[in-house]
Structure formats: C-alpha cells, structure tokens
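Please read the structure below before turning to the comments.
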Amino acid sequence: MFFSSAIFLFAFLPIVLLLYCLAGQRLKNGILLAASLLFYAYGEPKFVFVMLASIVLNYAFAMLIELPGYGSKRWRRDWLLAALACDLGILFVFKYLNFFGHMVGKALHIDLQLPSIALPIGISFFTFQALSYVVDVYRGTTRVQRNPFSLALYISFFPQLIAGPIVRYSTIAEQIDDRKVTPEKLSQGVQRFIVGFCKKVLLANNVALVAEAAFDVHGEKSVALLWVGSLAYTLQIFFDFCGYSDMAIGLGKMFGFEFEENFNYPYMAKSVTDFWHRWHISLSQWFRDYVYFPLGGSRVTPARHIFNLFVVWFLTGLWHGANYTFLAWGMMYFVMQLVEKFLVKPQRLNGATAMGWRVVTLLIVNFGWVLFNSLSIADAKQYIFGMLGLRGLPLWSAAVTGSFREYGVFLLLGVMFSTPITKVCGQRLCLGRAGTAWQKVLLPLGQIAVFAWAVSFVVLGAHNPFIYFNF
C-alpha cells in the first residue's frame, strides 16, 4: 500500500486517524500496531510473519542482553552477536542469497539451481531499525523495552515502515508511552503530508515518464535526450524519496510522533561529502554510528581510514540492492570521498574554485544516478558514453522537443523545488501584516488546491512508481 494510493488516502488513513482520536490513551498504541500490521499485510500477507519474527527475535535478544544476574561482558557480547547473525542472516537470505549464489556459481563454473525468493517490502529499513535498537541496548545508550507490543510498534509503525526514515529507538522511546496530539501538531502533520504527497505525485511521477523514455533501451536516442533523461531521473529519485519522507514525518505528527529530517536540499551540496550529509540523512548516520565509528572512523592510520571508508561505501551500495550496479555506485562514492579527503579538500576552497567543485559534485551525483538506475554496468556505460557524445548519436531528436512540450513545466518546477528558493520566498511572504493573511488564508487554500490537483492524478490512475519501495 502506497501513501499515494487511493485506498490509503480515502480508506486506510481516515479510518485509522478516526479510531486513534476516539480511542482512550491505553488503546492508542494498540490501534497503531494493528493498523501497521494490516498496512504491511495488505501488500505482502505472508511476509508479515518475517517482520513479526524479527520483532520477536530482537525483543528476546535485547532482554537476554539485559538479563539480571547475567551481565558479564562475554554474555552480553555473545547475545549481541547472535542478534546480528539472525538479523543479517534474514536480510541475506531474502535479499542477497541469489545474487551471491550466482556470483559463486559463475566463479566456480557451476550452475547452481537456487530458489526464487521474493523480497519482503521494506526489509532493509525495519532490519536496520531492529539492529540499532539491540546495539544501543548493548551499549547502554538506551533502556531495554520490556513491553513487546511497544517494541513491535517501534519496528512496524507504518509511516516509516517501508521507506524510512530509519528511526532510532532512543529518538521515540519516550514518545511511544507519552505523547499528545494537539490541534497545532495535527495541522502541521497534515500540511507536511500534503507537501510530500504533491512532491511525489505531481513532480516525481511526471518527470519519471521522461526518465523512463530515455532509459528505455529501445527507441530513438540523442545526446540531449540522454542528458534530459538523467536530469529527470535525478529529480525523480529526489522527489520520490523526499516526498515519501515528508509524508512519513507528517503522518508521524498526526499521531503525536516527531521524526528527524531525512533530506536537506542535497542538490545544493558543496561537495560529495556534503551531499551525503544532506541525502538520506538517517541512513548516512546509521552507517556512521554503527559501522564507521566502531571501525575507528578517521582517528586511525591513513591506510585504516581508507579501509573504513571502503567498508562503509561497499555496504551502502549493497544495502540498496543485490546488483553489481549498486556495488559500483557505492565504490564510486568511496573513490570520490578519498579524492575529497586526501586531494581536493573542498572545505578549503573558495570563490570560483568552490563553485567549480559544486558543479563537479552535481555532475558526479548525476552520473551516479545513471549507474544506479541501470540494469547492468554495461547499460550504464552505454548511457554515459552516449551522454558524452561517444556513441555517434545525434545531438537532438524529436523526443527531446516532445519531452519539454509535455513535461517541461514539471522539470522546471522540479529544479525550483530542489533548491531553497521557494522556502526563502515563503518566509519573506510571512513577514508583516500581509504575512498573517498569507499564513492563515492564502497558503492553506493554495495547499488544498494543489493537493486536489495531485489527488486527481491518483483518482485517474496516473503513473505512480516508487523507487525505494524495492529496498
């Protein structure tokens, strides 16, 4: 079930919100837990048992780590390792077994007959949340949750279940047992949901049509079409994922939860390092705190520092999918991190050189998304070579003109809304007496009108893909 689907908008969300508001304080968590399990089971009925198994196992492991009278370091460490083995083992079987099986079979020239295993929705997200909880209990930075239903709500809470943000248990531990939904918070949540919904439906879904046409291996191609297609995908993946995160944060507010931000205008980054401080922030922080820092971070020898970065970026690429393209994408960022840390040092640049590195960063990110969206490294190579004019393609084609004619407005709006321009303009409109009218009347009316426009796309069954649904 997508947030941008008709059944979610017109049935699931209104019913759950109504039941939640009418229920007594003791029943609220139960309603959200039941709704979350139903939300997950709607699309993947059999895989809800995989998530339930993850919840039960991690509850048990955390309790064993904190078991009174058995607090030795070895006891705690052994149960932590058992939790890691179970969580990562489940993730490996469902997400990576076939990939590595084929890799081994190819290396040994053996035709391994592996079963086709379907990927449970959002398994990477809820596994990482469960892992962070158990590790934090082991470290002593968070208290063990003795109520299994509260832990189940944390892991399965539907707003962030299938596409993040990855929420730390410590962030919402107190909110699980003590939170309030005020009219102000409910209003903020609705507005944030509307913003994310419009990003997803109006911008991501429409520029996706341009990207899909360009990345389709069939059909007439030109250098300009490939560039426009890469730009369209760069915008699509941002508004697709950022829009979903906005909706998740907004839904959390509607039920009294406060989630941390997951995006901060990543395409305004000054460097590749800065890009990853702004893009999928919850994932970057997860790898920083649970992989990079435990390995020693940067406070080690240069050789060990390079190794630590390699591990982080190898795992980052692998987390996104079982394909050589994702591994290559991760390695690309590993190399660029080395270039920035040991050669360029972007933090020391200024003036024209700083601006030049911003342009280089955007180009790297754009080429990276081409690799990310390609079915194979060979396809990515062909696409990038075409962009660079190395395939003998014409510079322009009728498809480019058609794309601008039909979707040019959405591409332009996508570029605008990927920068702080609209945010700054909105803040200036809020100043003075006119600002009161803008905030209380014009802005809400404008949001309702744009939301109605976006809803019309959903009702009419317009194109509605979701990229991070696969992770």
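Letters A, B, ... go to the chains of the structure tokens in the order shown; residues in each chain start at 1; ligands are counted from 1 in the same order.
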
Region 82-268 of chain A: which residues are alpha helix (DSSP H) by DSSP, as an mmCIF file with C-alpha atoms, in the first residue's frame?
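Okay, this is what ended up in part38.cif:
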```cif
data_model
loop_
_atom_site.group_PDB
_atom_site.id
_atom_site.type_symbol
_atom_site.label_atom_id
_atom_site.label_comp_id
_atom_site.auth_asym_id
_atom_site.auth_seq_id
_atom_site.Cartn_x
_atom_site.Cartn_y
_atom_site.Cartn_z
ATOM 1 C CA ALA A 82 23.533 -13.773 17.957
ATOM 2 C CA ALA A 83 21.209 -10.849 17.214
ATOM 3 C CA LEU A 84 23.498 -9.603 14.457
ATOM 4 C CA ALA A 85 23.704 -13.080 12.960
ATOM 5 C CA CYS A 86 19.914 -13.517 12.955
ATOM 6 C CA ASP A 87 19.068 -10.061 11.620
ATOM 7 C CA LEU A 88 21.733 -10.035 8.939
ATOM 8 C CA GLY A 89 21.047 -13.683 8.147
ATOM 9 C CA ILE A 90 17.370 -12.985 7.470
ATOM 10 C CA LEU A 91 18.314 -9.984 5.330
ATOM 11 C CA LEU A 97 21.275 -15.190 -1.415
ATOM 12 C CA ASN A 98 20.512 -15.450 -5.135
ATOM 13 C CA PHE A 99 22.947 -12.688 -6.033
ATOM 14 C CA PHE A 100 25.905 -14.164 -4.172
ATOM 15 C CA GLY A 101 24.872 -17.686 -5.194
ATOM 16 C CA HIS A 102 25.035 -16.740 -8.862
ATOM 17 C CA MET A 103 28.323 -14.944 -8.230
ATOM 18 C CA VAL A 104 29.862 -18.050 -6.628
ATOM 19 C CA GLY A 105 28.424 -20.324 -9.308
ATOM 20 C CA LYS A 106 29.885 -18.160 -12.045
ATOM 21 C CA ALA A 107 33.297 -18.053 -10.359
ATOM 22 C CA LEU A 108 33.355 -21.845 -9.941
ATOM 23 C CA ILE A 123 13.083 -5.401 4.923
ATOM 24 C CA SER A 124 16.246 -3.269 4.828
ATOM 25 C CA PHE A 125 14.532 -0.485 6.770
ATOM 26 C CA PHE A 126 12.942 -2.499 9.568
ATOM 27 C CA THR A 127 16.036 -4.705 9.911
ATOM 28 C CA PHE A 128 18.273 -1.675 10.410
ATOM 29 C CA GLN A 129 15.866 -0.240 12.978
ATOM 30 C CA ALA A 130 15.827 -3.507 14.895
ATOM 31 C CA LEU A 131 19.625 -3.747 14.746
ATOM 32 C CA SER A 132 20.114 -0.214 16.046
ATOM 33 C CA TYR A 133 17.809 -0.967 18.995
ATOM 34 C CA VAL A 134 19.694 -4.100 20.075
ATOM 35 C CA VAL A 135 23.106 -2.445 19.619
ATOM 36 C CA ASP A 136 22.024 0.594 21.645
ATOM 37 C CA VAL A 137 20.764 -1.673 24.439
ATOM 38 C CA TYR A 138 24.134 -3.454 24.400
ATOM 39 C CA ARG A 139 25.999 -0.145 24.508
ATOM 40 C CA PRO A 148 6.855 -6.448 23.495
ATOM 41 C CA PHE A 149 3.935 -4.541 21.969
ATOM 42 C CA SER A 150 5.752 -1.207 22.365
ATOM 43 C CA LEU A 151 8.815 -2.617 20.625
ATOM 44 C CA ALA A 152 6.585 -4.084 17.912
ATOM 45 C CA LEU A 153 5.090 -0.638 17.344
ATOM 46 C CA TYR A 154 8.560 0.904 17.056
ATOM 47 C CA ILE A 155 9.703 -1.586 14.410
ATOM 48 C CA SER A 156 6.439 -1.851 12.458
ATOM 49 C CA TYR A 169 14.625 3.783 19.189
ATOM 50 C CA SER A 170 16.125 6.414 21.502
ATOM 51 C CA THR A 171 14.520 9.136 19.356
ATOM 52 C CA ILE A 172 10.970 7.976 20.030
ATOM 53 C CA ALA A 173 11.307 5.795 23.167
ATOM 54 C CA GLU A 174 9.551 8.345 25.384
ATOM 55 C CA GLN A 175 7.046 9.232 22.664
ATOM 56 C CA ILE A 176 5.829 5.622 22.455
ATOM 57 C CA ASP A 177 4.489 5.820 26.015
ATOM 58 C CA PRO A 183 -4.608 20.651 17.013
ATOM 59 C CA GLU A 184 -1.409 22.507 16.076
ATOM 60 C CA LYS A 185 0.614 19.321 15.685
ATOM 61 C CA LEU A 186 -2.200 17.662 13.706
ATOM 62 C CA SER A 187 -2.362 20.690 11.399
ATOM 63 C CA GLN A 188 1.422 20.650 10.910
ATOM 64 C CA GLY A 189 1.288 16.935 10.160
ATOM 65 C CA VAL A 190 -1.454 17.338 7.563
ATOM 66 C CA GLN A 191 0.410 20.186 5.863
ATOM 67 C CA ARG A 192 3.674 18.222 5.801
ATOM 68 C CA PHE A 193 1.867 15.195 4.379
ATOM 69 C CA ILE A 194 0.320 17.355 1.644
ATOM 70 C CA VAL A 195 3.735 18.768 0.707
ATOM 71 C CA GLY A 196 5.231 15.282 0.427
ATOM 72 C CA PHE A 197 2.213 13.932 -1.441
ATOM 73 C CA CYS A 198 2.454 16.699 -4.050
ATOM 74 C CA ASN A 205 5.642 10.731 -11.116
ATOM 75 C CA ASN A 206 5.620 13.130 -14.064
ATOM 76 C CA VAL A 207 9.376 13.529 -14.519
ATOM 77 C CA ALA A 208 9.563 9.724 -14.209
ATOM 78 C CA LEU A 209 7.901 9.450 -17.627
ATOM 79 C CA VAL A 210 10.742 11.457 -19.155
ATOM 80 C CA ALA A 211 13.382 9.361 -17.379
ATOM 81 C CA GLU A 212 11.799 6.044 -18.354
ATOM 82 C CA ALA A 213 11.652 7.031 -22.012
ATOM 83 C CA ALA A 214 15.335 7.993 -22.009
ATOM 84 C CA PHE A 215 16.500 4.885 -20.143
ATOM 85 C CA VAL A 223 22.751 13.172 -26.704
ATOM 86 C CA ALA A 224 20.250 15.763 -25.496
ATOM 87 C CA LEU A 225 17.621 13.117 -24.689
ATOM 88 C CA LEU A 226 20.083 11.176 -22.553
ATOM 89 C CA TRP A 227 21.036 14.323 -20.630
ATOM 90 C CA VAL A 228 17.404 15.292 -20.136
ATOM 91 C CA GLY A 229 16.627 11.723 -19.042
ATOM 92 C CA SER A 230 19.431 11.719 -16.478
ATOM 93 C CA LEU A 231 18.264 15.084 -15.134
ATOM 94 C CA ALA A 232 14.697 13.774 -14.972
ATOM 95 C CA TYR A 233 15.795 10.706 -13.003
ATOM 96 C CA THR A 234 17.911 12.888 -10.702
ATOM 97 C CA LEU A 235 14.758 14.868 -9.916
ATOM 98 C CA GLN A 236 12.529 11.783 -9.812
ATOM 99 C CA ILE A 237 14.522 9.893 -7.197
ATOM 100 C CA PHE A 238 14.792 13.006 -5.039
ATOM 101 C CA PHE A 239 11.105 13.908 -5.059
ATOM 102 C CA ASP A 240 10.103 10.253 -4.903
ATOM 103 C CA PHE A 241 12.089 9.578 -1.750
ATOM 104 C CA CYS A 242 11.999 13.048 -0.192
ATOM 105 C CA GLY A 243 8.250 13.216 -0.814
ATOM 106 C CA TYR A 244 7.764 9.862 0.899
ATOM 107 C CA SER A 245 9.899 11.011 3.849
ATOM 108 C CA ASP A 246 7.830 14.206 4.119
ATOM 109 C CA MET A 247 4.651 12.129 4.157
ATOM 110 C CA ALA A 248 6.137 9.839 6.819
ATOM 111 C CA ILE A 249 7.130 12.794 9.013
ATOM 112 C CA GLY A 250 3.693 14.342 8.527
ATOM 113 C CA LEU A 251 1.910 11.086 9.402
ATOM 114 C CA GLY A 252 4.085 10.761 12.492
ATOM 115 C CA LYS A 253 2.997 14.224 13.645
ATOM 116 C CA MET A 254 -0.666 13.322 13.119
#
```

For Val335 (chain A), work out the shell of residues within 12 Å, counting only C-alpha atoms and skipping chain neighbours fewer than 3 positions away, then give it as a ChimeraX atom specification.
/A:272-273,306-307,309-310,312-314,328-332,338-343,364
